[in-house]
Structure formats: C-alpha cells, structure tokens
$ cat entry31.tsv   # TSV, C-alpha atoms
chain	number	residue	atom	x	y	z
A	1	MET	CA	1.19	3.05	-1.25
A	2	ALA	CA	2.44	3.98	-4.71
A	3	ALA	CA	0.73	2.18	-7.55
A	4	ASP	CA	4.08	1.49	-9.23
A	5	GLU	CA	4.81	-1.00	-6.45
A	6	ILE	CA	2.05	-3.04	-8.05
A	7	ARG	CA	1.95	-2.24	-11.74
A	8	GLY	CA	4.73	-3.56	-13.90
A	9	THR	CA	6.11	-2.57	-17.30
A	10	ALA	CA	5.78	-4.65	-20.43
A	11	HIS	CA	9.06	-5.33	-22.24
A	12	GLY	CA	9.79	-6.27	-25.81
A	13	THR	CA	6.65	-7.24	-27.68
A	14	ALA	CA	4.89	-8.71	-24.64
A	15	PRO	CA	1.36	-7.28	-24.38
A	16	VAL	CA	1.63	-6.90	-20.59
A	17	PRO	CA	4.27	-7.48	-17.90
A	18	LEU	CA	5.36	-11.10	-17.58
A	19	SER	CA	6.09	-12.69	-14.21
A	20	VAL	CA	7.00	-16.09	-12.73
A	21	LEU	CA	5.17	-18.42	-10.35
A	22	ASP	CA	7.52	-21.15	-9.11
A	23	LEU	CA	6.12	-24.18	-7.32
A	24	MET	CA	9.65	-25.51	-6.68
A	25	THR	CA	8.82	-28.77	-8.46
A	26	VAL	CA	10.66	-31.87	-7.26
A	27	GLY	CA	10.94	-34.47	-9.99
A	28	ALA	CA	11.41	-38.20	-9.49
A	29	GLY	CA	15.13	-38.86	-9.07
A	30	SER	CA	15.87	-35.36	-7.72
A	31	THR	CA	15.74	-33.68	-4.32
A	32	ALA	CA	14.30	-30.58	-2.71
A	33	THR	CA	17.82	-29.17	-2.75
A	34	ASP	CA	17.84	-29.53	-6.53
A	35	ALA	CA	14.48	-27.78	-6.78
A	36	LEU	CA	15.57	-24.89	-4.58
A	37	ARG	CA	18.81	-24.46	-6.51
A	38	THR	CA	16.80	-24.31	-9.71
A	39	GLY	CA	14.65	-21.66	-8.03
A	40	VAL	CA	17.69	-19.48	-7.42
A	41	GLU	CA	18.81	-19.91	-11.03
A	42	LEU	CA	15.32	-19.13	-12.28
A	43	SER	CA	14.96	-16.01	-10.13
A	44	ARG	CA	18.25	-14.67	-11.48
A	45	LEU	CA	17.25	-15.52	-15.04
A	46	ALA	CA	13.87	-13.84	-14.57
A	47	GLU	CA	15.55	-10.72	-13.21
A	48	ALA	CA	18.05	-10.56	-16.06
A	49	ARG	CA	15.36	-11.01	-18.73
A	50	GLY	CA	12.93	-8.38	-17.46
A	51	PHE	CA	10.23	-10.48	-15.80
A	52	HIS	CA	8.42	-8.25	-13.32
A	53	ARG	CA	7.98	-10.43	-10.25
A	54	TYR	CA	8.76	-13.92	-8.92
A	55	TRP	CA	6.32	-15.60	-6.57
A	56	VAL	CA	6.33	-18.88	-4.67
A	57	ALA	CA	3.22	-20.63	-3.33
A	58	GLU	CA	2.53	-22.34	-0.03
A	59	HIS	CA	1.81	-26.07	-0.29
A	60	HIS	CA	1.96	-28.78	2.35
A	61	SER	CA	2.31	-32.56	2.48
A	62	MET	CA	3.08	-32.77	-1.24
A	63	PRO	CA	6.35	-34.59	-2.03
A	64	GLY	CA	6.59	-33.00	-5.48
A	65	VAL	CA	6.40	-29.40	-4.24
A	66	ALA	CA	9.21	-27.90	-2.12
A	67	SER	CA	7.53	-24.59	-1.26
A	68	SER	CA	5.99	-25.27	2.14
A	69	SER	CA	7.74	-22.22	3.65
A	70	PRO	CA	7.45	-19.23	1.29
A	71	ALA	CA	9.02	-16.72	3.70
A	72	VAL	CA	12.15	-18.86	4.09
A	73	ILE	CA	12.49	-19.33	0.33
A	74	LEU	CA	11.92	-15.65	-0.38
A	75	ALA	CA	14.66	-14.64	2.07
A	76	HIS	CA	17.04	-16.96	0.22
A	77	LEU	CA	16.01	-15.56	-3.17
A	78	ALA	CA	16.38	-12.00	-1.92
A	79	ALA	CA	20.04	-12.74	-1.14
A	80	HIS	CA	20.62	-13.87	-4.73
A	81	THR	CA	18.76	-11.12	-6.62
A	82	GLU	CA	18.85	-7.33	-6.72
A	83	ARG	CA	15.83	-5.86	-8.53
A	84	ILE	CA	13.03	-8.31	-9.25
A	85	ARG	CA	9.98	-8.21	-7.02
A	86	LEU	CA	9.62	-11.28	-4.81
A	87	GLY	CA	6.49	-12.50	-3.15
A	88	SER	CA	3.98	-15.13	-2.15
A	89	GLY	CA	1.43	-16.47	-4.55
A	90	GLY	CA	0.38	-17.09	-1.95
A	91	VAL	CA	0.59	-17.49	1.78
A	92	MET	CA	-2.56	-19.22	3.00
A	93	LEU	CA	-3.79	-16.83	5.64
A	94	PRO	CA	-6.06	-19.25	7.58
A	95	ASN	CA	-3.04	-21.48	8.25
A	96	HIS	CA	-1.22	-18.80	10.26
A	97	ALA	CA	-1.67	-16.17	12.93
A	98	PRO	CA	-1.82	-12.77	11.19
A	99	LEU	CA	0.88	-11.43	13.54
A	100	VAL	CA	3.30	-14.15	12.39
A	101	ILE	CA	2.73	-13.28	8.72
A	102	ALA	CA	3.20	-9.57	9.45
A	103	GLU	CA	6.49	-10.32	11.22
A	104	GLN	CA	7.74	-12.61	8.45
A	105	PHE	CA	6.96	-10.19	5.65
A	106	GLY	CA	8.16	-7.21	7.65
A	107	THR	CA	11.46	-9.05	7.96
A	108	LEU	CA	11.50	-9.76	4.22
A	109	GLU	CA	10.78	-6.10	3.53
A	110	ALA	CA	13.76	-5.17	5.72
A	111	LEU	CA	15.94	-7.62	3.78
A	112	ALA	CA	14.79	-6.44	0.33
A	113	PRO	CA	13.22	-2.98	0.70
A	114	GLY	CA	10.60	-2.13	-1.87
A	115	ARG	CA	10.70	-5.56	-3.51
A	116	ILE	CA	8.28	-7.71	-1.50
A	117	ASP	CA	4.69	-8.67	-2.35
A	118	LEU	CA	2.31	-10.36	0.08
A	119	GLY	CA	-0.19	-12.47	-1.81
A	120	LEU	CA	-2.84	-14.12	0.36
A	121	GLY	CA	-5.14	-17.06	-0.23
A	122	ARG	CA	-7.91	-18.54	1.89
A	123	ALA	CA	-7.61	-22.19	0.80
A	124	PRO	CA	-5.47	-24.49	2.96
A	125	GLY	CA	-2.99	-25.34	0.21
A	126	THR	CA	-3.29	-28.99	1.20
A	127	ASP	CA	-5.78	-31.65	2.28
A	128	GLY	CA	-8.11	-31.23	5.25
A	129	ALA	CA	-6.15	-33.43	7.65
A	130	THR	CA	-2.92	-31.52	7.00
A	131	ALA	CA	-4.73	-28.22	7.36
A	132	ALA	CA	-6.06	-29.36	10.74
A	133	ALA	CA	-2.49	-30.21	11.80
A	134	LEU	CA	-1.26	-26.80	10.69
A	135	ARG	CA	-4.01	-24.96	12.51
A	136	ARG	CA	-4.13	-27.24	15.56
A	137	SER	CA	-7.86	-27.49	15.04
A	138	ASP	CA	-10.36	-29.86	13.46
A	139	THR	CA	-12.47	-26.89	12.41
A	140	LEU	CA	-11.32	-25.30	9.16
A	141	ASN	CA	-12.51	-21.71	9.22
A	142	GLU	CA	-12.54	-20.63	5.60
A	143	GLY	CA	-15.94	-18.98	5.52
A	144	ALA	CA	-16.91	-15.63	4.13
A	145	ASP	CA	-16.87	-14.07	7.60
A	146	ASP	CA	-13.57	-15.40	8.92
A	147	PHE	CA	-11.18	-14.57	6.08
A	148	PRO	CA	-12.05	-10.84	5.86
A	149	GLN	CA	-11.60	-10.58	9.63
A	150	GLN	CA	-8.19	-12.25	9.44
A	151	LEU	CA	-7.23	-9.97	6.54
A	152	ALA	CA	-8.27	-6.87	8.46
A	153	GLU	CA	-6.22	-7.98	11.47
A	154	LEU	CA	-3.16	-8.64	9.31
A	155	THR	CA	-3.47	-5.25	7.64
A	156	ARG	CA	-3.67	-3.55	11.05
A	157	PHE	CA	-0.46	-5.30	12.10
A	158	LEU	CA	1.29	-4.30	8.87
A	159	ASP	CA	0.25	-0.66	9.32
A	160	ASP	CA	0.53	-0.69	13.13
A	161	ASP	CA	-2.76	1.16	13.44
A	162	PHE	CA	-5.04	-0.75	15.79
A	163	PRO	CA	-7.40	1.82	17.35
A	164	ASP	CA	-7.25	2.83	20.99
A	165	GLY	CA	-9.01	0.33	23.17
A	166	HIS	CA	-8.35	-2.62	20.86
A	167	PRO	CA	-6.82	-5.59	22.72
A	168	TYR	CA	-3.92	-5.62	20.23
A	169	ARG	CA	-3.22	-1.87	20.42
A	170	ARG	CA	0.06	-2.39	22.29
A	171	ILE	CA	1.20	-5.33	20.16
A	172	HIS	CA	3.50	-4.50	17.26
A	173	ALA	CA	4.76	-6.49	14.29
A	174	VAL	CA	8.52	-5.98	14.21
A	175	PRO	CA	10.15	-5.11	11.86
A	176	GLY	CA	7.41	-2.61	11.20
A	177	PRO	CA	6.15	0.99	11.52
A	178	VAL	CA	6.48	1.09	15.32
A	179	GLN	CA	10.25	1.35	14.89
A	180	GLY	CA	9.84	4.59	13.03
A	181	SER	CA	7.70	6.11	15.80
A	182	ALA	CA	10.09	5.13	18.59
A	183	PRO	CA	12.49	7.85	19.85
A	184	GLY	CA	15.28	8.16	17.31
A	185	GLY	CA	13.59	5.65	15.07
A	186	VAL	CA	13.87	5.59	11.29
A	187	GLN	CA	11.50	3.31	9.43
A	188	SER	CA	11.36	2.31	5.77
A	189	PRO	CA	8.52	4.04	3.89
A	190	HIS	CA	7.65	0.74	2.24
A	191	ARG	CA	5.43	-2.06	3.37
A	192	PRO	CA	4.60	-5.10	1.25
A	193	PRO	CA	1.58	-4.57	-1.00
A	194	VAL	CA	-1.22	-7.01	-0.17
A	195	TRP	CA	-2.69	-9.02	-3.03
A	196	LEU	CA	-5.72	-11.29	-2.83
A	197	LEU	CA	-5.53	-14.61	-4.65
A	198	GLY	CA	-8.46	-16.66	-5.82
A	199	SER	CA	-9.85	-19.38	-8.05
A	200	SER	CA	-13.50	-18.32	-7.78
A	201	GLY	CA	-15.52	-15.19	-7.22
A	202	PHE	CA	-15.10	-14.77	-3.46
A	203	SER	CA	-11.64	-13.18	-3.42
A	204	ALA	CA	-12.39	-11.31	-6.65
A	205	ARG	CA	-15.27	-9.51	-4.98
A	206	LEU	CA	-13.37	-8.89	-1.74
A	207	ALA	CA	-10.32	-7.50	-3.60
A	208	ALA	CA	-12.64	-5.21	-5.55
A	209	LEU	CA	-14.41	-3.91	-2.45
A	210	LEU	CA	-11.08	-3.21	-0.71
A	211	GLY	CA	-9.41	-1.72	-3.79
A	212	LEU	CA	-6.61	-4.30	-3.77
A	213	PRO	CA	-4.79	-5.99	-6.66
A	214	PHE	CA	-6.11	-9.42	-7.57
A	215	ALA	CA	-4.38	-12.59	-8.80
A	216	PHE	CA	-6.51	-15.32	-10.35
A	217	ALA	CA	-5.42	-18.97	-10.64
A	218	HIS	CA	-6.25	-19.51	-14.30
A	219	HIS	CA	-3.76	-22.40	-14.37
A	220	PHE	CA	-6.12	-24.62	-12.38
A	221	SER	CA	-9.49	-22.88	-12.63
A	222	ALA	CA	-9.63	-21.72	-16.24
A	223	GLN	CA	-13.41	-21.93	-16.56
A	224	ASN	CA	-13.80	-19.29	-13.83
A	225	THR	CA	-11.21	-16.80	-15.11
A	226	VAL	CA	-13.33	-14.41	-17.16
A	227	PRO	CA	-16.30	-14.39	-14.73
A	228	ALA	CA	-13.98	-13.69	-11.77
A	229	LEU	CA	-12.14	-10.89	-13.59
A	230	ASP	CA	-15.44	-9.35	-14.66
A	231	LEU	CA	-16.68	-9.50	-11.07
A	232	TYR	CA	-13.48	-7.83	-9.86
A	233	ARG	CA	-13.63	-5.02	-12.41
A	234	GLU	CA	-17.36	-4.37	-12.06
A	235	ASN	CA	-17.20	-4.07	-8.26
A	236	PHE	CA	-13.85	-2.30	-7.91
A	237	ARG	CA	-13.70	0.64	-5.52
A	238	PRO	CA	-10.68	3.00	-5.77
A	239	SER	CA	-8.51	3.02	-2.66
A	240	ASP	CA	-5.26	4.43	-1.33
A	241	VAL	CA	-3.62	1.37	-2.92
A	242	LEU	CA	-5.10	1.51	-6.43
A	243	ASP	CA	-7.17	4.01	-8.36
A	244	GLU	CA	-8.26	1.38	-10.89
A	245	PRO	CA	-8.33	-2.44	-11.04
A	246	TYR	CA	-5.14	-4.42	-11.53
A	247	ALA	CA	-5.43	-8.15	-12.10
A	248	LEU	CA	-2.88	-10.77	-13.02
A	249	ILE	CA	-3.59	-14.37	-13.96
A	250	GLY	CA	-1.47	-17.45	-13.33
A	251	VAL	CA	-0.86	-19.37	-16.55
A	252	SER	CA	0.63	-22.82	-17.03
A	253	ALA	CA	3.04	-22.37	-19.95
A	254	LEU	CA	5.81	-24.62	-21.21
A	255	ALA	CA	8.02	-23.86	-24.20
A	256	THR	CA	10.53	-26.41	-25.44
A	257	ASP	CA	12.97	-26.64	-28.35
A	258	ASP	CA	11.10	-29.75	-29.51
A	259	GLU	CA	7.37	-29.18	-29.19
A	260	ARG	CA	6.81	-32.92	-28.72
A	261	GLU	CA	8.76	-32.68	-25.47
A	262	ALA	CA	6.31	-30.07	-24.16
A	263	HIS	CA	3.45	-32.52	-24.65
A	264	ARG	CA	5.41	-35.32	-22.96
A	265	GLN	CA	6.06	-33.11	-19.94
A	266	SER	CA	2.47	-31.88	-19.72
A	267	ARG	CA	1.18	-35.47	-19.77
A	268	ALA	CA	3.54	-36.26	-16.89
A	269	MET	CA	2.18	-33.21	-15.08
A	270	ALA	CA	-1.35	-34.49	-15.67
A	271	LEU	CA	-0.41	-37.87	-14.17
A	272	ASN	CA	0.97	-36.00	-11.18
A	273	MET	CA	-2.36	-34.19	-10.82
A	274	VAL	CA	-4.36	-37.42	-11.17
A	275	ARG	CA	-2.40	-38.87	-8.28
A	276	LEU	CA	-2.84	-35.72	-6.22
A	277	ARG	CA	-6.59	-35.57	-6.83
A	278	THR	CA	-6.98	-39.22	-5.81
A	279	GLY	CA	-5.06	-38.81	-2.54
A	280	ARG	CA	-1.74	-40.22	-3.78
A	281	PRO	CA	0.58	-37.20	-4.08
A	282	GLY	CA	4.13	-37.96	-5.13
A	283	LEU	CA	7.16	-36.62	-6.94
A	284	PHE	CA	6.69	-35.16	-10.42
A	285	PRO	CA	6.89	-38.31	-12.58
A	286	ASP	CA	9.35	-38.91	-15.38
A	287	PRO	CA	7.61	-38.54	-18.76
A	288	ALA	CA	8.65	-42.09	-19.62
A	289	GLU	CA	6.59	-43.29	-16.67
A	290	ALA	CA	3.59	-41.26	-17.83
A	291	GLU	CA	3.90	-42.75	-21.32
A	292	LYS	CA	3.69	-46.27	-19.86
A	293	HIS	CA	0.84	-45.45	-17.48
A	294	GLU	CA	-2.55	-46.89	-18.41
A	295	PHE	CA	-5.06	-44.15	-17.71
A	296	SER	CA	-8.63	-45.16	-17.04
A	297	PRO	CA	-11.28	-43.52	-19.26
A	298	MET	CA	-12.13	-41.14	-16.43
A	299	GLU	CA	-8.45	-40.31	-15.91
A	300	GLU	CA	-7.98	-39.80	-19.64
A	301	GLU	CA	-10.81	-37.31	-19.66
A	302	PHE	CA	-9.17	-35.47	-16.75
A	303	VAL	CA	-5.86	-35.43	-18.65
A	304	ARG	CA	-7.52	-33.91	-21.71
A	305	SER	CA	-9.24	-31.27	-19.61
A	306	TRP	CA	-6.13	-30.43	-17.63
A	307	THR	CA	-3.70	-30.21	-20.54
A	308	SER	CA	-6.14	-28.12	-22.61
A	309	ASN	CA	-5.37	-25.19	-20.32
A	310	ILE	CA	-1.59	-25.44	-20.71
A	311	VAL	CA	-0.04	-23.08	-23.25
A	312	GLN	CA	2.63	-25.36	-24.66
A	313	GLY	CA	4.81	-26.18	-27.64
A	314	GLY	CA	7.58	-24.32	-29.40
A	315	ALA	CA	8.41	-20.74	-28.41
A	316	ASP	CA	6.36	-19.10	-31.16
A	317	GLU	CA	3.39	-21.35	-30.45
A	318	VAL	CA	3.50	-20.39	-26.77
A	319	ARG	CA	3.79	-16.69	-27.60
A	320	VAL	CA	0.73	-16.89	-29.84
A	321	GLY	CA	-1.17	-18.76	-27.13
A	322	LEU	CA	-0.27	-16.23	-24.44
A	323	ASP	CA	-1.24	-13.32	-26.70
A	324	ALA	CA	-4.60	-14.95	-27.35
A	325	LEU	CA	-5.18	-15.56	-23.64
A	326	HIS	CA	-4.37	-11.95	-22.84
A	327	LYS	CA	-6.74	-10.74	-25.53
A	328	ARG	CA	-9.52	-12.99	-24.21
A	329	THR	CA	-9.13	-12.06	-20.52
A	330	GLY	CA	-7.74	-8.53	-20.59
A	331	ALA	CA	-5.38	-9.46	-17.74
A	332	ASP	CA	-3.01	-6.69	-16.68
A	333	GLU	CA	-0.16	-9.16	-16.12
A	334	LEU	CA	0.60	-12.78	-17.03
A	335	MET	CA	2.32	-14.87	-14.35
A	336	LEU	CA	3.80	-17.96	-15.96
A	337	THR	CA	4.35	-21.27	-14.22
A	338	SER	CA	6.30	-23.91	-16.15
A	339	HIS	CA	6.06	-27.51	-14.99
A	340	ALA	CA	8.62	-30.06	-16.13
A	341	HIS	CA	10.35	-33.09	-14.67
A	342	ARG	CA	13.82	-31.54	-14.91
A	343	GLY	CA	14.91	-28.12	-13.72
A	344	GLU	CA	16.86	-27.35	-16.87
A	345	LEU	CA	13.68	-27.72	-18.94
A	346	ARG	CA	11.89	-25.20	-16.75
A	347	LEU	CA	14.78	-22.76	-17.09
A	348	ARG	CA	14.86	-23.27	-20.83
A	349	SER	CA	11.12	-22.63	-21.07
A	350	TYR	CA	11.46	-19.14	-19.61
A	351	GLU	CA	14.47	-18.42	-21.82
A	352	LEU	CA	12.51	-19.40	-24.93
A	353	ILE	CA	9.49	-17.31	-23.94
A	354	ALA	CA	11.72	-14.32	-23.17
A	355	ASP	CA	13.40	-14.69	-26.57
A	356	ALA	CA	10.04	-15.02	-28.35
A	357	TYR	CA	8.97	-11.67	-26.91
A	358	GLY	CA	12.34	-9.98	-27.35
A	359	LEU	CA	12.75	-9.34	-23.61
A	360	PRO	CA	16.00	-7.73	-22.40
A	361	THR	CA	19.10	-9.92	-22.37
A	362	ALA	CA	20.91	-8.27	-19.47

$ encode --input "entry31.tsv" --output "structure tokens"
Amino acid sequence: MAADEIRGTAHGTAPVPLSVLDLMTVGAGSTATDALRTGVELSRLAEARGFHRYWVAEHHSMPGVASSSPAVILAHLAAHTERIRLGSGGVMLPNHAPLVIAEQFGTLEALAPGRIDLGLGRAPGTDGATAAALRRSDTLNEGADDFPQQLAELTRFLDDDFPDGHPYRRIHAVPGPVQGSAPGGVQSPHRPPVWLLGSSGFSARLAALLGLPFAFAHHFSAQNTVPALDLYRENFRPSDVLDEPYALIGVSALATDDEREAHRQSRAMALNMVRLRTGRPGLFPDPAEAEKHEFSPMEEEFVRSWTSNIVQGGADEVRVGLDALHKRTGADELMLTSHAHRGELRLRSYELIADAYGLPTA
C-alpha cells in the first residue's frame, strides 16, 4: 500500500496536514437530520479548504451524537465530495463481525476508490449494557488477546488471503480482491488503509508492532498523548504499509468571531460531558442552559479539567494553540473536532481556522 494513501500534505502555514473529526453533534432544539446536513456542508467545506481527511466516529445510545452508523454516513458523504479522504475514527471492531466491516468498507472503497480510511478502536463506544446489546453477549471481550485476533481476521478478509486449510479460506469479503481473481475479473488496486485508534498505550504499541498508522484521542485523553506517541515511535517496525511512524492526534478546537462565544460553547460541551459521565446522556445543551446550571464543586473541577484541553478563542488564538500543541507532541497530523450547539458555529470554526493558516480557498 502506497504511503501517500496515509500521509497528507500541509497547506498554507499549517505545520502539518489538518483534518476533521465530526461527531455529528445534535444540539437541543435540532434533529439528527440537521446534524447530518451540517456534516455534508462541513465535508464539502473541508474539501474546498484543503483539509486532508474527514472522519466520523461510532457512538451508540447517545442522543447528542448522530454517528451510530459510520459506514452509512460515509457513503452519503462520498456522494457529496470528490477528493477528500473519508473514514472512520473509528469503527469499534469488537462490536462487529470482521467480515461485516470488510464488506462495508469494501463497498465504500468501490463507491469512492482511493479515498477511504478504516480506523479501528477496541472500546465499545458506549456503555456496557449497550455494548452487550450490540454484541448479543454479556461478556465484553476487549482484552489484549481478543482485539489483535479480530484485527488479524479483518485484515485477512480485506486482503482475501486466508491460508489453505483455514476454515474461512473459501469465504470472501465482496466487494474485494476475489473479484479480481475471478475469470474476467478486474479489481481496484486500492484497499482502505487500516489505522489503529487509541487513548492509552495498548493500541500505540500494537500499531507500532504491525507498522500501521496510529491516531490518538488527545481530545479526551490529553494526559496520555505524549507517552502514547513516544511508545508508538520507540516500538515502530517498518512494514509494507509504512517505512516510518505516522501518528495523528484528535484535538478539540473551536474558533469563533467573538472569543467569549467559544468559552460559552465549551462550557456547554462540558455540561454535556458531565451528564454523559454520570449516566445521563442527552442532546448538546444550549449555552444559556449551561450558564444557568449550578455545577457542584466536583463537577466544576471536571469542567476546568475538560475545557483546559480545548484549543479555543479567536482564530489567531486557536492557531497559536494548535502550533504549540504540534510542537509539544510532534504529531504528523492534527485532526480537529469542533463542538458547538449550532451547526453554523461548527462550520464557521473550520472556516476561521482555515483562514488563520491561509489554506486554499477553492
């Protein structure tokens, strides 16, 4: 697999390629339809302004997040874009049979050849009860042994190369390589690059040992970012996929015309997270509601901790913050996720950041 299917190009004055992570936020007073329409607008904006890739993440049983079905959303986005890479950040592998994921992303690759990324996580993307419902099991297999086995099986389906004697040798993920080996068959030379996602050291080490690109969730595990990236780089083994490490980090960043509005929105986001962490997930609250909310001392401490990792404010302030984060982590790519109650504020955030870095305008 060519490395340029993974590595991006920095534009303007950005220190590294910039990308987008969209959680398809549903704000109070809006619908999932609104969130998905904003996603289409944002993917087209990101493409026009030179962002490298656009990922959506699998979440379940969360009213404020409309991205429970990444493959469905990505197919829709592929129909409305032409060049930008599209992918999952990520699909939660333990929730699905590897064959199903291989079929879904083989289909996406057929719809948008050479533009699809397959990012994989091992967390459930939800609470334990919902994960059990997804997996039809009360046992959540997320251990160090199970995930690598699932990953190996998925990779075999993507490459259609189970060895002779394997029980799956005659099972093929379609669309996929088997079509090219059939009489008269012509198969695309591309298959989605596999990324490993993580918020700790486990996936960092596994990505390094397999020579795969790595995406770290700095936006909700900032204290682990540098140790995980160091672990990835120190243990990296060159592979057919990459000859040297390539790591992106997810960053919560919100730029607004009035920097006070950025702080209002981030406090509403923190209230949303407080409710999620205490088993009360809901729609992304209106900032006015967050301003009226009486946080307990413990909640207030959580808010301070959570918002401290958001790069926010006016466009120049966000640019300076992103440059500093890149310098501190050495990340090869910054994937920005902007959380706001209204879709137009999220769109405006990416416009302002693109302008601050002088990204292309067409």

$ residues_around --input "entry31.tsv" --residues "Pro285 (chain A)" --least-positions-apart "4" --cutoff "10 Å" --atoms "all atoms listed in the file" --output "mmCIF file with C-alpha atoms, in the frame of the given file"
data_model
loop_
_atom_site.group_PDB
_atom_site.id
_atom_site.type_symbol
_atom_site.label_atom_id
_atom_site.label_comp_id
_atom_site.auth_asym_id
_atom_site.auth_seq_id
_atom_site.Cartn_x
_atom_site.Cartn_y
_atom_site.Cartn_z
ATOM 1 C CA VAL A 26 10.660 -31.870 -7.260
ATOM 2 C CA GLY A 27 10.940 -34.470 -9.990
ATOM 3 C CA ALA A 28 11.410 -38.200 -9.490
ATOM 4 C CA GLY A 29 15.130 -38.860 -9.070
ATOM 5 C CA GLY A 64 6.590 -33.000 -5.480
ATOM 6 C CA GLN A 265 6.060 -33.110 -19.940
ATOM 7 C CA ARG A 267 1.180 -35.470 -19.770
ATOM 8 C CA ALA A 268 3.540 -36.260 -16.890
ATOM 9 C CA MET A 269 2.180 -33.210 -15.080
ATOM 10 C CA ALA A 270 -1.350 -34.490 -15.670
ATOM 11 C CA LEU A 271 -0.410 -37.870 -14.170
ATOM 12 C CA ASN A 272 0.970 -36.000 -11.180
ATOM 13 C CA GLU A 289 6.590 -43.290 -16.670
ATOM 14 C CA ALA A 290 3.590 -41.260 -17.830
ATOM 15 C CA ALA A 340 8.620 -30.060 -16.130
ATOM 16 C CA HIS A 341 10.350 -33.090 -14.670
ATOM 17 C CA ARG A 342 13.820 -31.540 -14.910
#

$ axis_aligned_box --input "entry31.tsv" --around "region 63-81 of chain A" --padding-each-side "3 Å" --output "JSON"
{"center_x": 13.3, "center_y": -22.9, "center_z": -1.3, "size_x": 20.6, "size_y": 29.5, "size_z": 16.7}

$ closest_residue --input "entry31.tsv" --among "A:Ala133, A:Val178, A:His190, A:Leu206" --to "Gln149 (chain A)" --atoms "all atoms listed in the file"
A:Leu206

$ atom_distance --input "entry31.tsv" --atom1 "CA of Thr278 (chain A)" --atom2 "CA of Val20 (chain A)"
27.9 Å

$ residues_around --input "entry31.tsv" --residues "Ser67 (chain A)" --least-positions-apart "2" --cutoff "12 Å" --atoms "all atoms listed in the file" --output "PyMOL selection string"
chain A and resi 21-26+32-33+35-36+39+55-65+69-74+88-91+125-126

$ residues_around --input "entry31.tsv" --residues "region 8-10 of chain A" --least-positions-apart "3" --cutoff "10 Å" --atoms "only C-alpha atoms" --output "ChimeraX atom specification"
/A:3-5,13-19,50-53,85,332-333,359

$ residues_around --input "entry31.tsv" --residues "Leu212 (chain A)" --least-positions-apart "5" --cutoff "7 Å" --atoms "only C-alpha atoms" --output "PyMOL selection string"
chain A and resi 195+207+241-242

$ closest_residue --input "entry31.tsv" --among "A:Leu158, A:Ile6, A:Leu352, A:Leu151" --to "Arg115 (chain A)" --atoms "only C-alpha atoms"
A:Ile6

$ atom_distance --input "entry31.tsv" --atom1 "CA of Asp316 (chain A)" --atom2 "CA of Ala215 (chain A)"
25.6 Å

$ residues_around --input "entry31.tsv" --residues "Ile310 (chain A)" --least-positions-apart "6" --cutoff "9 Å" --atoms "all atoms listed in the file" --output "mmCIF file with C-alpha atoms, in the frame of the given file"
data_model
loop_
_atom_site.group_PDB
_atom_site.id
_atom_site.type_symbol
_atom_site.label_atom_id
_atom_site.label_comp_id
_atom_site.auth_asym_id
_atom_site.auth_seq_id
_atom_site.Cartn_x
_atom_site.Cartn_y
_atom_site.Cartn_z
ATOM 1 C CA HIS A 219 -3.760 -22.400 -14.370
ATOM 2 C CA VAL A 251 -0.860 -19.370 -16.550
ATOM 3 C CA SER A 252 0.630 -22.820 -17.030
ATOM 4 C CA ALA A 253 3.040 -22.370 -19.950
ATOM 5 C CA LEU A 254 5.810 -24.620 -21.210
ATOM 6 C CA SER A 266 2.470 -31.880 -19.720
#

$ atom_distance --input "entry31.tsv" --atom1 "CA of Glu47 (chain A)" --atom2 "CA of His263 (chain A)"
27.4 Å

$ closest_residue --input "entry31.tsv" --among "A:Phe214, A:Gly250, A:Val274, A:Gln104" --to "Arg304 (chain A)" --atoms "all atoms listed in the file"
A:Val274

$ closest_residue --input "entry31.tsv" --among "A:Pro167, A:Ala356, A:Thr155, A:Ala79" --to "Glu317 (chain A)" --atoms "all atoms listed in the file"
A:Ala356

$ residues_near_point --input "entry31.tsv" --point "(-6.2, -13.6, -14.3)" --cutoff "8 Å" --atoms "all atoms listed in the file" --output "ChimeraX atom specification"
/A:214-218,225-226,229,247-250,329,331-334

$ closest_residue --input "entry31.tsv" --among "A:Gly358, A:Gly114, A:Pro227, A:Pro148" --to "Ala204 (chain A)" --atoms "all atoms listed in the file"
A:Pro227
